[in-house]
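Content type mmCIF, C-alpha atoms, from the file final_16.cif:
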```
data_coords
#
loop_
_atom_site.label_atom_id
_atom_site.label_comp_id
_atom_site.auth_asym_id
_atom_site.auth_seq_id
_atom_site.Cartn_x
_atom_site.Cartn_y
_atom_site.Cartn_z
CA MET A 1 -5.17 92.20 -52.03
CA GLU A 2 -2.14 92.23 -54.36
CA HIS A 3 -1.88 96.03 -54.20
CA ASN A 4 -1.01 95.68 -50.49
CA PHE A 5 2.33 94.03 -51.26
CA TRP A 6 5.02 95.87 -53.15
CA ILE A 7 8.70 96.60 -53.70
CA THR A 8 9.70 100.24 -54.09
CA GLU A 9 12.77 102.33 -54.79
CA GLU A 10 11.20 105.33 -53.05
CA PRO A 11 11.33 106.16 -49.33
CA ILE A 12 8.52 104.32 -47.54
CA ALA A 13 5.61 106.50 -46.45
CA LEU A 14 4.29 104.81 -43.32
CA ASN A 15 0.89 106.51 -43.50
CA ASP A 16 0.33 104.96 -46.95
CA VAL A 17 1.01 101.50 -45.56
CA ILE A 18 -1.28 102.03 -42.56
CA GLU A 19 -4.04 103.38 -44.81
CA LYS A 20 -4.13 100.08 -46.75
CA VAL A 21 -5.19 98.13 -43.64
CA THR A 22 -7.38 100.70 -41.88
CA ARG A 23 -10.92 99.38 -41.46
CA ARG A 24 -13.84 100.43 -39.28
CA GLU A 25 -14.20 97.00 -37.70
CA VAL A 26 -10.65 96.69 -36.32
CA GLY A 27 -9.41 97.66 -32.90
CA ALA A 28 -5.69 97.26 -33.58
CA ILE A 29 -3.25 98.24 -36.28
CA ASN A 30 0.29 97.14 -35.63
CA ILE A 31 3.06 98.63 -37.74
CA PHE A 32 6.55 97.23 -37.80
CA THR A 33 9.41 99.10 -39.43
CA GLY A 34 12.82 97.65 -40.09
CA THR A 35 15.51 100.31 -40.32
CA VAL A 36 19.17 100.40 -41.34
CA ARG A 37 21.35 100.22 -38.24
CA GLU A 38 24.86 101.58 -37.96
CA LEU A 39 26.53 98.77 -36.00
CA THR A 40 26.23 95.05 -36.75
CA ASP A 41 28.42 92.65 -34.78
CA GLY A 42 30.82 95.50 -34.03
CA LYS A 43 31.20 96.54 -37.69
CA ARG A 44 30.23 100.07 -38.69
CA THR A 45 27.79 100.13 -41.59
CA LEU A 46 28.01 103.13 -43.92
CA PHE A 47 24.93 102.23 -45.98
CA LEU A 48 23.11 99.23 -47.47
CA GLU A 49 22.01 98.35 -50.96
CA TYR A 50 18.97 96.12 -51.37
CA ASP A 51 18.04 94.31 -54.55
CA ALA A 52 15.15 91.98 -55.28
CA TYR A 53 13.67 89.78 -57.93
CA LYS A 54 10.63 92.06 -57.90
CA PRO A 55 7.88 89.90 -59.50
CA MET A 56 8.67 86.93 -57.26
CA ALA A 57 9.27 89.12 -54.19
CA GLU A 58 5.83 90.72 -54.54
CA LYS A 59 4.21 87.28 -55.00
CA LYS A 60 5.94 86.01 -51.87
CA LEU A 61 4.87 89.08 -49.87
CA ALA A 62 1.28 88.41 -50.97
CA GLN A 63 1.71 84.75 -49.96
CA ILE A 64 2.70 85.91 -46.47
CA GLY A 65 -0.45 88.05 -46.35
CA GLN A 66 -2.51 84.99 -47.26
CA GLU A 67 -0.77 82.88 -44.61
CA ILE A 68 -1.58 85.56 -42.03
CA LYS A 69 -5.24 85.59 -43.09
CA GLU A 70 -5.35 81.80 -42.72
CA LYS A 71 -3.73 81.88 -39.26
CA TRP A 72 -5.41 84.96 -37.78
CA GLY A 73 -8.73 85.07 -39.63
CA ASP A 74 -9.89 88.66 -39.88
CA ALA A 75 -6.43 90.15 -40.47
CA GLU A 76 -5.58 92.60 -43.24
CA THR A 77 -1.91 92.95 -44.16
CA ALA A 78 0.22 95.41 -46.14
CA ILE A 79 3.96 94.96 -46.67
CA VAL A 80 6.42 97.14 -48.55
CA HIS A 81 10.17 96.60 -48.90
CA ARG A 82 12.52 99.20 -50.29
CA VAL A 83 15.37 98.46 -52.70
CA GLY A 84 18.33 100.55 -53.79
CA ARG A 85 20.66 102.51 -51.54
CA LEU A 86 19.51 103.03 -47.96
CA ASP A 87 21.34 105.15 -45.43
CA ILE A 88 21.52 104.70 -41.68
CA SER A 89 18.02 105.00 -40.09
CA ASP A 90 16.19 104.68 -43.43
CA VAL A 91 13.14 102.40 -43.37
CA ALA A 92 13.88 99.21 -45.32
CA VAL A 93 10.61 97.38 -44.66
CA ALA A 94 7.19 98.30 -43.28
CA ILE A 95 4.51 95.83 -42.25
CA ALA A 96 1.02 96.96 -41.23
CA ILE A 97 -1.51 94.48 -39.89
CA SER A 98 -5.01 95.24 -38.70
CA THR A 99 -7.06 92.85 -36.58
CA PRO A 100 -10.04 93.18 -34.27
CA HIS A 101 -7.76 92.72 -31.21
CA ARG A 102 -4.16 93.69 -30.45
CA LYS A 103 -2.66 90.29 -29.58
CA ALA A 104 -3.34 88.94 -33.05
CA ALA A 105 -1.88 92.07 -34.68
CA PHE A 106 1.37 91.74 -32.70
CA ALA A 107 1.68 88.00 -33.36
CA ALA A 108 0.95 88.36 -37.07
CA SER A 109 3.49 91.17 -37.41
CA SER A 110 6.23 89.06 -35.84
CA TYR A 111 5.28 86.16 -38.10
CA ALA A 112 5.42 88.41 -41.17
CA ILE A 113 8.98 89.69 -40.63
CA ASP A 114 10.24 86.17 -39.93
CA ARG A 115 8.62 84.88 -43.13
CA ILE A 116 10.00 87.78 -45.20
CA LYS A 117 13.49 86.78 -44.13
CA GLU A 118 12.77 83.11 -44.91
CA ILE A 119 11.11 83.18 -48.34
CA VAL A 120 11.25 86.57 -50.09
CA PRO A 121 14.02 86.96 -52.74
CA ILE A 122 15.57 90.18 -51.44
CA TRP A 123 19.32 90.58 -51.03
CA LYS A 124 21.39 93.22 -49.33
CA LYS A 125 24.89 94.45 -49.85
CA GLU A 126 26.55 95.67 -46.69
CA HIS A 127 28.85 98.65 -47.12
CA TRP A 128 31.10 98.78 -44.07
CA SER A 129 33.88 101.14 -43.16
CA ASP A 130 36.32 98.32 -44.09
CA GLY A 131 34.71 96.72 -47.15
CA THR A 132 31.53 95.34 -48.73
CA GLN A 133 29.70 92.03 -48.97
CA TRP A 134 26.49 90.80 -50.59
CA ILE A 135 24.45 88.96 -47.98
CA GLY A 136 22.92 85.93 -49.68
CA ASP A 137 19.63 85.89 -47.87
CA GLN A 138 18.05 88.00 -45.19
CA LYS A 139 18.67 85.37 -42.53
CA GLU A 140 22.35 85.86 -43.43
CA ARG A 141 23.09 82.16 -43.83
CA HIS A 142 24.68 82.54 -47.28
CA SER A 143 26.93 85.10 -48.90
CA TYR A 144 27.01 85.93 -52.59
CA ASP A 145 30.58 87.12 -52.99
CA LYS A 146 30.09 87.50 -56.75
CA GLY A 147 26.79 89.35 -56.50
CA ILE A 148 23.16 88.34 -56.35
CA PRO A 149 21.78 85.39 -58.32
CA THR A 150 20.48 86.05 -61.80
CA GLU A 151 16.88 85.30 -62.77
CA GLU A 152 18.21 82.27 -64.67
CA ALA A 153 19.87 80.96 -61.50
CA MET A 154 16.57 81.37 -59.67
CA GLY A 155 14.89 79.15 -62.29
CA ASN A 156 12.81 81.96 -63.76
CA GLY A 157 14.71 82.84 -66.90
#
```
Here is the file; what I need is its structure written in the form of C-alpha cells.
Amino acid sequence: MEHNFWITEEPIALNDVIEKVTRREVGAINIFTGTVRELTDGKRTLFLEYDAYKPMAEKKLAQIGQEIKEKWGDAETAIVHRVGRLDISDVAVAIAISTPHRKAAFAASSYAIDRIKEIVPIWKKEHWSDGTQWIGDQKERHSYDKGIPTEEAMGNG
C-alpha cells in the first residue's frame, strides 16, 4: 500500500493516481485535486513553493490511507502531493479513492484532504504581488517567517 502515497517534484499525472485505486469490484472512484488559485483573501498569488519533510510526509499520507480503510472498509486510497514551484492552476495534491459505492468515496475524499492539512508535514511559501510568506502549516494557523522547520526541529535529526 505504501506505493500509493508519495511526494513528487514532477507535475501530477491524474491517470496514474486513478490507476492505483482502480479495481474490478468498485463502483466509484472519486478524485480530488487541489490546485493553486490566483486570489486568496483579496491578495494576488503569483506562484507557490511547497516543501515537505518527505519521509515523514509519505508515512503520514499512508496513515491517512489506513484511517480511511478502517472507517470505510473496502476503500483503496492513493495520495500524491507535489513540492517545488507551482504556478497558478497547477495541481498541488491529488487524492483518488475507490469504494463499492459513491457516498463512501465522496466522504473518504473529504476526510483525506482535511487530514492532510492537519497532520502531514508540508509547508507552502506564498509569493504574492506584494511580498512572500512561509505558511507554517496547511491549515494556515502558523507562519514560519524565517523559513520551514529543520529536521532537527521536527525531532527527527
Exercise. Just so the selection is clear, what residues does the PyMOL selection byres ((chain A and resi 50) around 8) cover here, as a PyMOL selection string?
Worked result: chain A and resi 48-49+51-52+82-86+122-125
So which residues touch A:His3 within 12 Å, counting all atoms listed in the file, skipping near sequence neighbours fewer than 4 positions away, as a JSON list (two decimals) with C-alpha atoms, in the frame of the given file?
```json
[["chain", "number", "residue", "atom", "x", "y", "z"],
["A", 7, "ILE", "CA", 8.70, 96.60, -53.70],
["A", 16, "ASP", "CA", 0.33, 104.96, -46.95],
["A", 17, "VAL", "CA", 1.01, 101.50, -45.56],
["A", 20, "LYS", "CA", -4.13, 100.08, -46.75],
["A", 21, "VAL", "CA", -5.19, 98.13, -43.64],
["A", 58, "GLU", "CA", 5.83, 90.72, -54.54],
["A", 59, "LYS", "CA", 4.21, 87.28, -55.00],
["A", 61, "LEU", "CA", 4.87, 89.08, -49.87],
["A", 62, "ALA", "CA", 1.28, 88.41, -50.97],
["A", 65, "GLY", "CA", -0.45, 88.05, -46.35],
["A", 77, "THR", "CA", -1.91, 92.95, -44.16],
["A", 78, "ALA", "CA", 0.22, 95.41, -46.14],
["A", 79, "ILE", "CA", 3.96, 94.96, -46.67],
["A", 80, "VAL", "CA", 6.42, 97.14, -48.55]]
```
For this session: Apply the PyMOL selection byres ((chain A and resi 102-107) around 10) to the file shown and report the selected residues as a VMD selection string.
Result: chain A and resid 26 to 32 68 71 to 77 96 to 101 108 to 112
Seminar exercise, completed: In Å and to one decimal, atom CA of A:Glu9 is distant from atom CA of A:Asp87 by 13.0 Å
Problem set entry | For atom CA of A:Phe5 and atom CA of A:Ile18, the interatomic separation in Å (one decimal) | 12.4 Å
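The shortest atom-to-atom distance to A:Ala57, with all atoms listed in the file taken into account, belongs to A:Ile119 out of A:Ile113, A:Leu14, A:Ile119, A:Ile135.
Taking atom CA of A:Gln63 and atom CA of A:Asp90 as the two end points, the separation is 25.5 Å.
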Would you compute the box with edges along x, y and z of the file around stretch 79-84 of chain A, including every atom the file lists for it and 6 Å extra on each side, and give its centre and edge lengths in Å to one decimal, as AutoDock Vina command-line options?
```
--center_x 11.1 --center_y 97.8 --center_z -50.2 --size_x 26.4 --size_y 17.6 --size_z 19.1
```
Seminar exercise, completed: Restricting to all atoms listed in the file, whichever of A:Leu46, A:Ile12, A:Leu39, A:Asn4 is closest to A:Asp130 is A:Leu46
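Counting all atoms listed in the file and comparing A:Arg115, A:Arg44, A:Arg37, A:Lys54, the residue that lies closest to A:Thr132 is A:Arg44.
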Extract stretch 26-138 of chain A from the structure I just pasted (atoms: C-alpha atoms) and return it as a PDB file, in the first residue's frame.
```
ATOM      1  CA  VAL A  26     -15.656  -0.984  -7.146  1.00  0.00           C
ATOM      2  CA  GLY A  27     -18.476   1.151  -8.438  1.00  0.00           C
ATOM      3  CA  ALA A  28     -16.988   4.536  -7.562  1.00  0.00           C
ATOM      4  CA  ILE A  29     -13.655   6.266  -7.896  1.00  0.00           C
ATOM      5  CA  ASN A  30     -13.599   9.772  -6.529  1.00  0.00           C
ATOM      6  CA  ILE A  31     -10.678  12.014  -7.427  1.00  0.00           C
ATOM      7  CA  PHE A  32      -9.996  15.275  -5.671  1.00  0.00           C
ATOM      8  CA  THR A  33      -7.452  17.739  -6.984  1.00  0.00           C
ATOM      9  CA  GLY A  34      -6.218  20.767  -5.109  1.00  0.00           C
ATOM     10  CA  THR A  35      -4.930  23.477  -7.420  1.00  0.00           C
ATOM     11  CA  VAL A  36      -3.055  26.753  -6.980  1.00  0.00           C
ATOM     12  CA  ARG A  37      -5.526  29.640  -7.002  1.00  0.00           C
ATOM     13  CA  GLU A  38      -4.730  33.184  -8.009  1.00  0.00           C
ATOM     14  CA  LEU A  39      -6.649  35.107  -5.334  1.00  0.00           C
ATOM     15  CA  THR A  40      -6.594  34.378  -1.601  1.00  0.00           C
ATOM     16  CA  ASP A  41      -8.331  36.826   0.727  1.00  0.00           C
ATOM     17  CA  GLY A  42      -8.023  39.530  -1.927  1.00  0.00           C
ATOM     18  CA  LYS A  43      -4.263  39.030  -2.415  1.00  0.00           C
ATOM     19  CA  ARG A  44      -2.976  38.081  -5.859  1.00  0.00           C
ATOM     20  CA  THR A  45      -0.782  34.991  -5.774  1.00  0.00           C
ATOM     21  CA  LEU A  46       1.976  34.817  -8.387  1.00  0.00           C
ATOM     22  CA  PHE A  47       3.064  31.254  -7.546  1.00  0.00           C
ATOM     23  CA  LEU A  48       3.579  28.915  -4.577  1.00  0.00           C
ATOM     24  CA  GLU A  49       6.517  26.913  -3.348  1.00  0.00           C
ATOM     25  CA  TYR A  50       5.818  23.719  -1.421  1.00  0.00           C
ATOM     26  CA  ASP A  51       8.352  21.898   0.703  1.00  0.00           C
ATOM     27  CA  ALA A  52       7.982  18.767   2.796  1.00  0.00           C
ATOM     28  CA  TYR A  53       9.813  16.509   5.171  1.00  0.00           C
ATOM     29  CA  LYS A  54       9.414  13.743   2.599  1.00  0.00           C
ATOM     30  CA  PRO A  55       9.939  10.537   4.657  1.00  0.00           C
ATOM     31  CA  MET A  56       7.511  11.666   7.356  1.00  0.00           C
ATOM     32  CA  ALA A  57       5.069  13.171   4.843  1.00  0.00           C
ATOM     33  CA  GLU A  58       4.823   9.878   2.951  1.00  0.00           C
ATOM     34  CA  LYS A  59       4.326   7.965   6.231  1.00  0.00           C
ATOM     35  CA  LYS A  60       1.550  10.347   7.240  1.00  0.00           C
ATOM     36  CA  LEU A  61      -0.136  10.029   3.831  1.00  0.00           C
ATOM     37  CA  ALA A  62      -0.059   6.238   4.266  1.00  0.00           C
ATOM     38  CA  GLN A  63      -1.502   6.664   7.776  1.00  0.00           C
ATOM     39  CA  ILE A  64      -4.420   8.584   6.263  1.00  0.00           C
ATOM     40  CA  GLY A  65      -4.951   5.721   3.813  1.00  0.00           C
ATOM     41  CA  GLN A  66      -5.065   3.293   6.734  1.00  0.00           C
ATOM     42  CA  GLU A  67      -7.513   5.507   8.629  1.00  0.00           C
ATOM     43  CA  ILE A  68      -9.754   5.565   5.549  1.00  0.00           C
ATOM     44  CA  LYS A  69      -9.620   1.767   5.283  1.00  0.00           C
ATOM     45  CA  GLU A  70     -10.606   1.499   8.952  1.00  0.00           C
ATOM     46  CA  LYS A  71     -13.508   3.945   8.571  1.00  0.00           C
ATOM     47  CA  TRP A  72     -14.844   2.910   5.157  1.00  0.00           C
ATOM     48  CA  GLY A  73     -13.864  -0.760   4.956  1.00  0.00           C
ATOM     49  CA  ASP A  74     -13.332  -1.701   1.336  1.00  0.00           C
ATOM     50  CA  ALA A  75     -11.693   1.585   0.304  1.00  0.00           C
ATOM     51  CA  GLU A  76      -8.452   1.875  -1.640  1.00  0.00           C
ATOM     52  CA  THR A  77      -6.631   5.206  -1.469  1.00  0.00           C
ATOM     53  CA  ALA A  78      -3.829   6.917  -3.399  1.00  0.00           C
ATOM     54  CA  ILE A  79      -2.493  10.360  -2.495  1.00  0.00           C
ATOM     55  CA  VAL A  80       0.255  12.404  -4.126  1.00  0.00           C
ATOM     56  CA  HIS A  81       1.409  15.893  -3.152  1.00  0.00           C
ATOM     57  CA  ARG A  82       3.713  17.984  -5.281  1.00  0.00           C
ATOM     58  CA  VAL A  83       6.589  20.068  -3.919  1.00  0.00           C
ATOM     59  CA  GLY A  84       8.681  22.785  -5.523  1.00  0.00           C
ATOM     60  CA  ARG A  85       7.400  25.747  -7.510  1.00  0.00           C
ATOM     61  CA  LEU A  86       3.780  25.577  -8.637  1.00  0.00           C
ATOM     62  CA  ASP A  87       2.141  28.133 -10.879  1.00  0.00           C
ATOM     63  CA  ILE A  88      -1.486  29.227 -10.931  1.00  0.00           C
ATOM     64  CA  SER A  89      -3.799  26.281 -11.809  1.00  0.00           C
ATOM     65  CA  ASP A  90      -1.094  23.640 -11.223  1.00  0.00           C
ATOM     66  CA  VAL A  91      -2.257  20.559  -9.306  1.00  0.00           C
ATOM     67  CA  ALA A  92      -0.714  20.562  -5.822  1.00  0.00           C
ATOM     68  CA  VAL A  93      -2.431  17.448  -4.451  1.00  0.00           C
ATOM     69  CA  ALA A  94      -4.425  14.570  -5.902  1.00  0.00           C
ATOM     70  CA  ILE A  95      -6.449  12.076  -3.899  1.00  0.00           C
ATOM     71  CA  ALA A  96      -8.090   9.043  -5.517  1.00  0.00           C
ATOM     72  CA  ILE A  97     -10.378   6.780  -3.518  1.00  0.00           C
ATOM     73  CA  SER A  98     -12.238   3.752  -4.801  1.00  0.00           C
ATOM     74  CA  THR A  99     -15.146   2.156  -2.949  1.00  0.00           C
ATOM     75  CA  PRO A 100     -18.024  -0.108  -3.899  1.00  0.00           C
ATOM     76  CA  HIS A 101     -20.475   2.839  -3.625  1.00  0.00           C
ATOM     77  CA  ARG A 102     -20.176   6.571  -4.310  1.00  0.00           C
ATOM     78  CA  LYS A 103     -21.191   8.009  -0.919  1.00  0.00           C
ATOM     79  CA  ALA A 104     -18.242   6.379   0.811  1.00  0.00           C
ATOM     80  CA  ALA A 105     -15.831   7.585  -1.893  1.00  0.00           C
ATOM     81  CA  PHE A 106     -17.003  11.200  -1.501  1.00  0.00           C
ATOM     82  CA  ALA A 107     -16.886  11.077   2.304  1.00  0.00           C
ATOM     83  CA  ALA A 108     -13.449   9.457   2.380  1.00  0.00           C
ATOM     84  CA  SER A 109     -12.068  12.008  -0.073  1.00  0.00           C
ATOM     85  CA  SER A 110     -13.250  14.906   2.079  1.00  0.00           C
ATOM     86  CA  TYR A 111     -11.774  13.221   5.142  1.00  0.00           C
ATOM     87  CA  ALA A 112      -8.435  12.728   3.358  1.00  0.00           C
ATOM     88  CA  ILE A 113      -7.896  16.384   2.402  1.00  0.00           C
ATOM     89  CA  ASP A 114      -8.815  17.540   5.902  1.00  0.00           C
ATOM     90  CA  ARG A 115      -6.354  15.073   7.447  1.00  0.00           C
ATOM     91  CA  ILE A 116      -3.579  16.079   5.018  1.00  0.00           C
ATOM     92  CA  LYS A 117      -3.912  19.650   6.222  1.00  0.00           C
ATOM     93  CA  GLU A 118      -3.922  18.511   9.860  1.00  0.00           C
ATOM     94  CA  ILE A 119      -1.030  16.041  10.090  1.00  0.00           C
ATOM     95  CA  VAL A 120       1.220  15.955   7.003  1.00  0.00           C
ATOM     96  CA  PRO A 121       4.486  17.976   7.273  1.00  0.00           C
ATOM     97  CA  ILE A 122       4.120  20.027   4.091  1.00  0.00           C
ATOM     98  CA  TRP A 123       4.697  23.772   4.026  1.00  0.00           C
ATOM     99  CA  LYS A 124       3.994  26.377   1.410  1.00  0.00           C
ATOM    100  CA  LYS A 125       5.532  29.710   0.642  1.00  0.00           C
ATOM    101  CA  GLU A 126       3.094  32.195  -0.821  1.00  0.00           C
ATOM    102  CA  HIS A 127       4.534  34.513  -3.458  1.00  0.00           C
ATOM    103  CA  TRP A 128       2.181  37.463  -3.766  1.00  0.00           C
ATOM    104  CA  SER A 129       2.358  40.537  -5.918  1.00  0.00           C
ATOM    105  CA  ASP A 130       3.383  42.466  -2.759  1.00  0.00           C
ATOM    106  CA  GLY A 131       5.673  40.021  -0.931  1.00  0.00           C
ATOM    107  CA  THR A 132       6.204  36.459   0.308  1.00  0.00           C
ATOM    108  CA  GLN A 133       5.462  34.407   3.412  1.00  0.00           C
ATOM    109  CA  TRP A 134       6.046  30.816   4.506  1.00  0.00           C
ATOM    110  CA  ILE A 135       2.767  29.392   5.750  1.00  0.00           C
ATOM    111  CA  GLY A 136       3.543  27.278   8.806  1.00  0.00           C
ATOM    112  CA  ASP A 137       1.008  24.563   8.248  1.00  0.00           C
ATOM    113  CA  GLN A 138      -1.610  23.865   5.642  1.00  0.00           C
TER     114      GLN A 138
END
```
